[in-house]
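All remarks here apply to the structure that follows.
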Amino acid sequence: KIEDVGLLHKLNSASGAISLHIPWDIPTDCIEIKTLAAQHGLKFDAMNSNTFQDQANAEHTYKYGSLQNVNKAVRKQAIAHNIEVIKHGIELGSESLTVWLADGSNFPGQLNFRKAYQNTLESLEEIYDALPSNWKLFLEYKCAEPNFYSTTVADWGQSYSYVKKLGDKAQTLVDLGHHLPNANIEQIVSLLLMENKLVGFH
């Protein structure tokens with residue numbers, strides 16, 4: 001993968017960065033991987049934490065959410081995973097963590113919206129507190145993915161609400177492919193820029 005991205009970078013002078021998704025891309029030898037990446041003019045950008053599928057070594061399932069889950073043990077597991085991702089990132093020279101949550105519900109009455117928000121905020125606060133001083137936390141949002149009824153971080157306003165509460169090291173990541181129909185993305189970008197909370201785009 002690194003060699004493929006290196007070729008793409010050579011051909012189009014892109015950002016020259018790779019964003020790993022953990023646990024899909026768990027690095028086994030960070031020194032060797034960093035050396036290989038440097039040979040191709042690449043560095044490691046934001047680390048992405050995956051808590052939207054059950055993981056082989058996970059004690060608890062994410063079927064009913066991760067950071068929002070009503071089961072505190074599941075939330076703790078998801079928090080620990082994010083902190084593990086930060087540690088991998090430190091070894092690779094990354095300076096940011098991207099969080100995207102598949103948390104939500106499929107039916108009316110399945111979820112207490114306020115409690116889900118509060119659980120998510122408290123979980124994010126623990127992750128935020130684990131960030132090194134030079135790191136940032138990027139909170140991505142996606143409308144109606146993958147749940148049919150509600151998504152805990154469904155739009156830019158919900159993401160902004162969280163990152164504003166978290167602090168200066170937290171910002172919103174705009175996903176260009178996941179907005180409600182006819183959403184004015186330019187206006188969203190303008191407002192996030194004005195609030196100094198726009199980090200970039202997916």
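Here's how to read the names in the structure tokens: chain A, B, ... by the order shown, residue numbers from 1 in each chain, ligand numbers from 1 in the order shown.
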Contact check, segment 55-79 of chain A to segment 131-147 of chain A, at most 12 Å, counting only C-alpha atoms, closest pairs as a Markdown table:
| residue | atom | partner | partner_atom | distance |
| --- | --- | --- | --- | --- |
| A:Lys63 | CA | A:Asn147 | CA | 11.0 |
| A:Tyr64 | CA | A:Asn147 | CA | 10.3 |
| A:Gly65 | CA | A:Asn147 | CA | 10.3 |
Requested write-out: N, CA and C atoms of the selected residues, as a short mmCIF file (atom, residue, chain, number, x, y, z; two decimals), in the first residue's frame:
data_model
loop_
_atom_site.label_atom_id
_atom_site.label_comp_id
_atom_site.auth_asym_id
_atom_site.auth_seq_id
_atom_site.Cartn_x
_atom_site.Cartn_y
_atom_site.Cartn_z
N LYS A 63 -22.55 -3.50 18.42
CA LYS A 63 -23.85 -3.58 17.73
C LYS A 63 -24.73 -2.39 18.08
N TYR A 64 -24.69 -1.95 19.32
CA TYR A 64 -25.54 -0.83 19.74
C TYR A 64 -24.72 0.43 20.02
N GLY A 65 -23.63 0.58 19.28
CA GLY A 65 -22.83 1.79 19.40
C GLY A 65 -21.56 1.57 20.20
#
For Asn48 of chain A, find every residue with an atom within 8 Å (counting only C-alpha atoms), except residues of its own chain fewer than 2 positions away, and show them as a JSON list (two decimals) with C-alpha atoms, in the first residue's frame.
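Saved file around-v5.json follows:
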[["chain", "number", "residue", "atom", "x", "y", "z"],
["A", 19, "SER", "CA", -3.98, 7.96, 7.04],
["A", 20, "LEU", "CA", -4.12, 4.56, 8.68],
["A", 21, "HIS", "CA", -7.33, 2.94, 9.95],
["A", 22, "ILE", "CA", -6.86, 0.88, 13.09],
["A", 46, "ALA", "CA", -4.38, 11.55, 10.91],
["A", 50, "ASN", "CA", -12.44, 2.01, 13.82],
["A", 85, "VAL", "CA", -4.65, 4.38, 18.08],
["A", 97, "LEU", "CA", -6.77, 11.44, 15.49],
["A", 98, "THR", "CA", -9.90, 11.23, 13.32],
["A", 99, "VAL", "CA", -13.01, 9.87, 15.01],
["A", 100, "TRP", "CA", -15.99, 8.75, 12.97]]
One decimal place gives the atom CA of Ala17 of chain A-atom CA of Ala37 of chain A separation as 9.0 Å
Considering only C-alpha atoms, tabulate each residue of segment 21-126 of chain A that lies at most 9 Å from segment 165-174 of chain A along with its nearest interatomic pair and the corresponding distance in Å to one decimal; arrange the rows by chain and ascending residue number and present them as a Markdown table.
| residue | atom | partner | partner_atom | distance |
| --- | --- | --- | --- | --- |
| A:Thr98 | CA | A:Leu173 | CA | 8.2 |
| A:Leu121 | CA | A:Leu166 | CA | 8.1 |
| A:Leu124 | CA | A:Leu166 | CA | 7.7 |
| A:Glu125 | CA | A:Leu166 | CA | 6.3 |
Polymer residues at most 8 Å from Ser105 of chain A, only C-alpha atoms, same-chain spacing of 5 or more positions, as an NGL selection string: :A and (64 or 110-111 or 147-151)
May I ask which of the residues A:Asn57, A:Asn119, A:Ser15, A:Ser96 is the closest one to Thr152 of chain A, counting only C-alpha atoms? A:Asn119
Provide the atom CA of Asn106 of chain A to atom CA of Val70 of chain A distance in Å, to one decimal place.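 Taking atom CA of Asn106 of chain A as the start and atom CA of Val70 of chain A as the end point, the length is 15.4 Å.
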Mind checking which residues fall within 12 Å of Leu92 of chain A, counting only C-alpha atoms, ignoring those fewer than 3 positions away in the same chain, and posting them as a ChimeraX atom specification? /A:17-20,26-38,42-47,85-89,95-96
Export of prior selection with N, CA, C and O atoms as a short mmCIF file (atom, residue, chain, number, x, y, z; two decimals), in the first residue's frame:
data_model
loop_
_atom_site.label_atom_id
_atom_site.label_comp_id
_atom_site.auth_asym_id
_atom_site.auth_seq_id
_atom_site.Cartn_x
_atom_site.Cartn_y
_atom_site.Cartn_z
N ALA A 17 0.77 12.09 2.21
CA ALA A 17 0.47 11.58 3.53
C ALA A 17 -0.44 10.36 3.44
O ALA A 17 -1.25 10.23 2.53
N ILE A 18 -0.30 9.48 4.42
CA ILE A 18 -1.14 8.30 4.54
C ILE A 18 -1.89 8.38 5.85
O ILE A 18 -1.32 8.74 6.88
N SER A 19 -3.18 8.03 5.82
CA SER A 19 -3.98 7.96 7.04
C SER A 19 -4.35 6.50 7.29
O SER A 19 -5.07 5.90 6.49
N LEU A 20 -3.84 5.96 8.36
CA LEU A 20 -4.12 4.56 8.68
C LEU A 20 -5.45 4.42 9.43
O LEU A 20 -5.85 5.32 10.16
N ILE A 26 -2.90 -2.08 11.52
CA ILE A 26 -2.05 -2.03 12.71
C ILE A 26 -0.58 -2.19 12.31
O ILE A 26 -0.21 -3.19 11.69
N PRO A 27 0.25 -1.21 12.64
CA PRO A 27 1.67 -1.31 12.28
C PRO A 27 2.39 -2.31 13.19
O PRO A 27 2.21 -2.29 14.40
N THR A 28 3.18 -3.18 12.58
CA THR A 28 3.92 -4.18 13.36
C THR A 28 5.35 -3.74 13.66
O THR A 28 5.91 -4.12 14.68
N ASP A 29 5.92 -2.94 12.77
CA ASP A 29 7.28 -2.43 12.97
C ASP A 29 7.29 -0.97 12.53
O ASP A 29 7.49 -0.67 11.35
N CYS A 30 7.07 -0.08 13.47
CA CYS A 30 6.92 1.34 13.13
C CYS A 30 8.18 1.95 12.51
O CYS A 30 8.07 2.77 11.60
N ILE A 31 9.33 1.53 12.97
CA ILE A 31 10.58 2.09 12.42
C ILE A 31 10.72 1.69 10.96
O ILE A 31 11.03 2.52 10.09
N GLU A 32 10.49 0.43 10.66
CA GLU A 32 10.60 -0.06 9.29
C GLU A 32 9.57 0.63 8.39
O GLU A 32 9.88 1.02 7.26
N ILE A 33 8.34 0.79 8.89
CA ILE A 33 7.27 1.40 8.10
C ILE A 33 7.57 2.88 7.84
O ILE A 33 7.39 3.38 6.73
N LYS A 34 8.05 3.59 8.86
CA LYS A 34 8.42 4.99 8.67
C LYS A 34 9.55 5.14 7.66
O LYS A 34 9.55 6.05 6.84
N THR A 35 10.52 4.24 7.72
CA THR A 35 11.64 4.28 6.78
C THR A 35 11.15 4.05 5.36
O THR A 35 11.54 4.77 4.42
N LEU A 36 10.28 3.06 5.17
CA LEU A 36 9.73 2.77 3.85
C LEU A 36 8.92 3.97 3.33
O LEU A 36 9.06 4.35 2.16
N ALA A 37 8.11 4.56 4.19
CA ALA A 37 7.30 5.71 3.78
C ALA A 37 8.20 6.87 3.36
O ALA A 37 7.95 7.53 2.34
N ALA A 38 9.26 7.13 4.13
CA ALA A 38 10.17 8.23 3.82
C ALA A 38 10.86 8.02 2.47
O ALA A 38 11.10 8.98 1.73
N LEU A 42 6.70 10.01 1.79
CA LEU A 42 5.42 10.01 2.49
C LEU A 42 5.60 10.16 4.00
O LEU A 42 6.62 9.79 4.57
N LYS A 43 4.56 10.69 4.63
CA LYS A 43 4.49 10.77 6.08
C LYS A 43 3.12 10.25 6.51
O LYS A 43 2.26 9.97 5.67
N PHE A 44 2.92 10.15 7.81
CA PHE A 44 1.65 9.65 8.32
C PHE A 44 0.81 10.79 8.87
O PHE A 44 1.23 11.53 9.75
N ASP A 45 -0.37 10.92 8.29
CA ASP A 45 -1.31 11.98 8.68
C ASP A 45 -2.22 11.44 9.78
O ASP A 45 -1.82 10.59 10.56
N ALA A 46 -3.46 11.91 9.84
CA ALA A 46 -4.38 11.55 10.91
C ALA A 46 -4.57 10.04 11.01
O ALA A 46 -4.72 9.34 10.02
N MET A 47 -4.56 9.55 12.22
CA MET A 47 -4.88 8.16 12.51
C MET A 47 -6.39 8.04 12.67
O MET A 47 -7.02 8.90 13.28
N VAL A 85 -4.91 3.80 19.40
CA VAL A 85 -4.65 4.38 18.08
C VAL A 85 -3.72 5.59 18.21
O VAL A 85 -2.81 5.77 17.39
N ILE A 86 -3.94 6.40 19.22
CA ILE A 86 -3.05 7.55 19.47
C ILE A 86 -1.62 7.07 19.68
O ILE A 86 -0.66 7.65 19.12
N LYS A 87 -1.45 6.01 20.44
CA LYS A 87 -0.10 5.49 20.71
C LYS A 87 0.58 5.01 19.43
O LYS A 87 1.77 5.26 19.22
N HIS A 88 -0.18 4.33 18.57
CA HIS A 88 0.38 3.92 17.27
C HIS A 88 0.81 5.15 16.48
O HIS A 88 1.86 5.18 15.83
N GLY A 89 -0.05 6.18 16.52
CA GLY A 89 0.24 7.41 15.77
C GLY A 89 1.49 8.12 16.26
O GLY A 89 2.27 8.65 15.44
N GLU A 95 0.16 13.40 14.13
CA GLU A 95 -0.17 14.40 15.15
C GLU A 95 -1.67 14.65 15.24
O GLU A 95 -2.11 15.70 15.70
N SER A 96 -2.48 13.67 14.81
CA SER A 96 -3.93 13.87 14.88
C SER A 96 -4.68 12.55 14.86
O SER A 96 -4.20 11.54 14.34
#
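Of the residues in segment 102-172 of chain A, those given alpha helix (DSSP H) by DSSP on the backbone are Phe113, Arg114, Lys115, Ala116, Tyr117, Gln118, Asn119, Thr120, Leu121, Glu122, Ser123, Leu124, Glu125, Glu126, Ile127, Tyr128, Asp129, Trp156, Gly157, Gln158, Ser159, Tyr160, Ser161, Tyr162, Val163, Lys164, Lys165 and Leu166 of chain A.
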Take the residues that were just selected and, keeping N, CA and C atoms, output them as a PDB file, in the first residue's frame.
ATOM      1  N   PHE A 113     -31.897  10.087  23.034  1.00  0.00           N
ATOM      2  CA  PHE A 113     -31.005  10.992  22.314  1.00  0.00           C
ATOM      3  C   PHE A 113     -30.092  11.784  23.249  1.00  0.00           C
ATOM      4  N   ARG A 114     -30.653  12.308  24.317  1.00  0.00           N
ATOM      5  CA  ARG A 114     -29.853  13.135  25.228  1.00  0.00           C
ATOM      6  C   ARG A 114     -28.778  12.303  25.928  1.00  0.00           C
ATOM      7  N   LYS A 115     -29.165  11.095  26.361  1.00  0.00           N
ATOM      8  CA  LYS A 115     -28.184  10.238  27.041  1.00  0.00           C
ATOM      9  C   LYS A 115     -27.093   9.797  26.069  1.00  0.00           C
ATOM     10  N   ALA A 116     -27.485   9.500  24.822  1.00  0.00           N
ATOM     11  CA  ALA A 116     -26.492   9.114  23.816  1.00  0.00           C
ATOM     12  C   ALA A 116     -25.494  10.249  23.597  1.00  0.00           C
ATOM     13  N   TYR A 117     -26.002  11.476  23.527  1.00  0.00           N
ATOM     14  CA  TYR A 117     -25.125  12.639  23.341  1.00  0.00           C
ATOM     15  C   TYR A 117     -24.181  12.764  24.535  1.00  0.00           C
ATOM     16  N   GLN A 118     -24.730  12.665  25.736  1.00  0.00           N
ATOM     17  CA  GLN A 118     -23.916  12.845  26.936  1.00  0.00           C
ATOM     18  C   GLN A 118     -22.865  11.758  27.061  1.00  0.00           C
ATOM     19  N   ASN A 119     -23.252  10.501  26.793  1.00  0.00           N
ATOM     20  CA  ASN A 119     -22.281   9.413  26.845  1.00  0.00           C
ATOM     21  C   ASN A 119     -21.151   9.636  25.835  1.00  0.00           C
ATOM     22  N   THR A 120     -21.532  10.076  24.637  1.00  0.00           N
ATOM     23  CA  THR A 120     -20.541  10.321  23.587  1.00  0.00           C
ATOM     24  C   THR A 120     -19.599  11.443  23.992  1.00  0.00           C
ATOM     25  N   LEU A 121     -20.146  12.523  24.517  1.00  0.00           N
ATOM     26  CA  LEU A 121     -19.322  13.649  24.952  1.00  0.00           C
ATOM     27  C   LEU A 121     -18.342  13.223  26.046  1.00  0.00           C
ATOM     28  N   GLU A 122     -18.830  12.497  27.027  1.00  0.00           N
ATOM     29  CA  GLU A 122     -17.951  12.051  28.114  1.00  0.00           C
ATOM     30  C   GLU A 122     -16.848  11.127  27.586  1.00  0.00           C
ATOM     31  N   SER A 123     -17.197  10.263  26.642  1.00  0.00           N
ATOM     32  CA  SER A 123     -16.198   9.378  26.044  1.00  0.00           C
ATOM     33  C   SER A 123     -15.159  10.179  25.268  1.00  0.00           C
ATOM     34  N   LEU A 124     -15.632  11.136  24.468  1.00  0.00           N
ATOM     35  CA  LEU A 124     -14.711  11.980  23.701  1.00  0.00           C
ATOM     36  C   LEU A 124     -13.805  12.798  24.619  1.00  0.00           C
ATOM     37  N   GLU A 125     -14.334  13.217  25.752  1.00  0.00           N
ATOM     38  CA  GLU A 125     -13.514  13.990  26.697  1.00  0.00           C
ATOM     39  C   GLU A 125     -12.349  13.152  27.215  1.00  0.00           C
ATOM     40  N   GLU A 126     -12.591  11.874  27.485  1.00  0.00           N
ATOM     41  CA  GLU A 126     -11.505  11.003  27.944  1.00  0.00           C
ATOM     42  C   GLU A 126     -10.450  10.830  26.859  1.00  0.00           C
ATOM     43  N   ILE A 127     -10.905  10.669  25.622  1.00  0.00           N
ATOM     44  CA  ILE A 127      -9.971  10.533  24.502  1.00  0.00           C
ATOM     45  C   ILE A 127      -9.192  11.838  24.307  1.00  0.00           C
ATOM     46  N   TYR A 128      -9.895  12.946  24.361  1.00  0.00           N
ATOM     47  CA  TYR A 128      -9.272  14.272  24.201  1.00  0.00           C
ATOM     48  C   TYR A 128      -8.191  14.482  25.259  1.00  0.00           C
ATOM     49  N   ASP A 129      -8.479  14.072  26.480  1.00  0.00           N
ATOM     50  CA  ASP A 129      -7.513  14.246  27.576  1.00  0.00           C
ATOM     51  C   ASP A 129      -6.261  13.398  27.365  1.00  0.00           C
ATOM     52  N   TRP A 156     -22.885  18.650  10.595  1.00  0.00           N
ATOM     53  CA  TRP A 156     -21.821  19.552  11.029  1.00  0.00           C
ATOM     54  C   TRP A 156     -22.162  20.230  12.349  1.00  0.00           C
ATOM     55  N   GLY A 157     -23.434  20.495  12.584  1.00  0.00           N
ATOM     56  CA  GLY A 157     -23.839  21.162  13.830  1.00  0.00           C
ATOM     57  C   GLY A 157     -23.599  20.289  15.040  1.00  0.00           C
ATOM     58  N   GLN A 158     -23.885  19.009  14.902  1.00  0.00           N
ATOM     59  CA  GLN A 158     -23.639  18.102  16.017  1.00  0.00           C
ATOM     60  C   GLN A 158     -22.141  17.939  16.260  1.00  0.00           C
ATOM     61  N   SER A 159     -21.370  17.798  15.194  1.00  0.00           N
ATOM     62  CA  SER A 159     -19.928  17.715  15.348  1.00  0.00           C
ATOM     63  C   SER A 159     -19.384  18.986  15.998  1.00  0.00           C
ATOM     64  N   TYR A 160     -19.837  20.128  15.510  1.00  0.00           N
ATOM     65  CA  TYR A 160     -19.384  21.406  16.070  1.00  0.00           C
ATOM     66  C   TYR A 160     -19.720  21.518  17.554  1.00  0.00           C
ATOM     67  N   SER A 161     -20.908  21.030  17.925  1.00  0.00           N
ATOM     68  CA  SER A 161     -21.313  21.078  19.329  1.00  0.00           C
ATOM     69  C   SER A 161     -20.339  20.313  20.214  1.00  0.00           C
ATOM     70  N   TYR A 162     -19.928  19.156  19.741  1.00  0.00           N
ATOM     71  CA  TYR A 162     -18.963  18.365  20.512  1.00  0.00           C
ATOM     72  C   TYR A 162     -17.603  19.047  20.568  1.00  0.00           C
ATOM     73  N   VAL A 163     -17.064  19.438  19.401  1.00  0.00           N
ATOM     74  CA  VAL A 163     -15.685  19.940  19.378  1.00  0.00           C
ATOM     75  C   VAL A 163     -15.558  21.275  20.095  1.00  0.00           C
ATOM     76  N   LYS A 164     -16.622  22.052  20.097  1.00  0.00           N
ATOM     77  CA  LYS A 164     -16.577  23.316  20.840  1.00  0.00           C
ATOM     78  C   LYS A 164     -16.460  23.062  22.336  1.00  0.00           C
ATOM     79  N   LYS A 165     -17.154  22.024  22.796  1.00  0.00           N
ATOM     80  CA  LYS A 165     -17.089  21.682  24.224  1.00  0.00           C
ATOM     81  C   LYS A 165     -15.753  21.055  24.590  1.00  0.00           C
ATOM     82  N   LEU A 166     -15.152  20.324  23.648  1.00  0.00           N
ATOM     83  CA  LEU A 166     -13.907  19.620  23.952  1.00  0.00           C
ATOM     84  C   LEU A 166     -12.728  20.575  24.141  1.00  0.00           C
TER      85      LEU A 166
END
Using atom CA of Phe52 of chain A and atom CA of Ala102 of chain A as the two end points, give the distance in Å to one decimal.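 Separating atom CA of Phe52 of chain A from atom CA of Ala102 of chain A is a distance of 5.4 Å.
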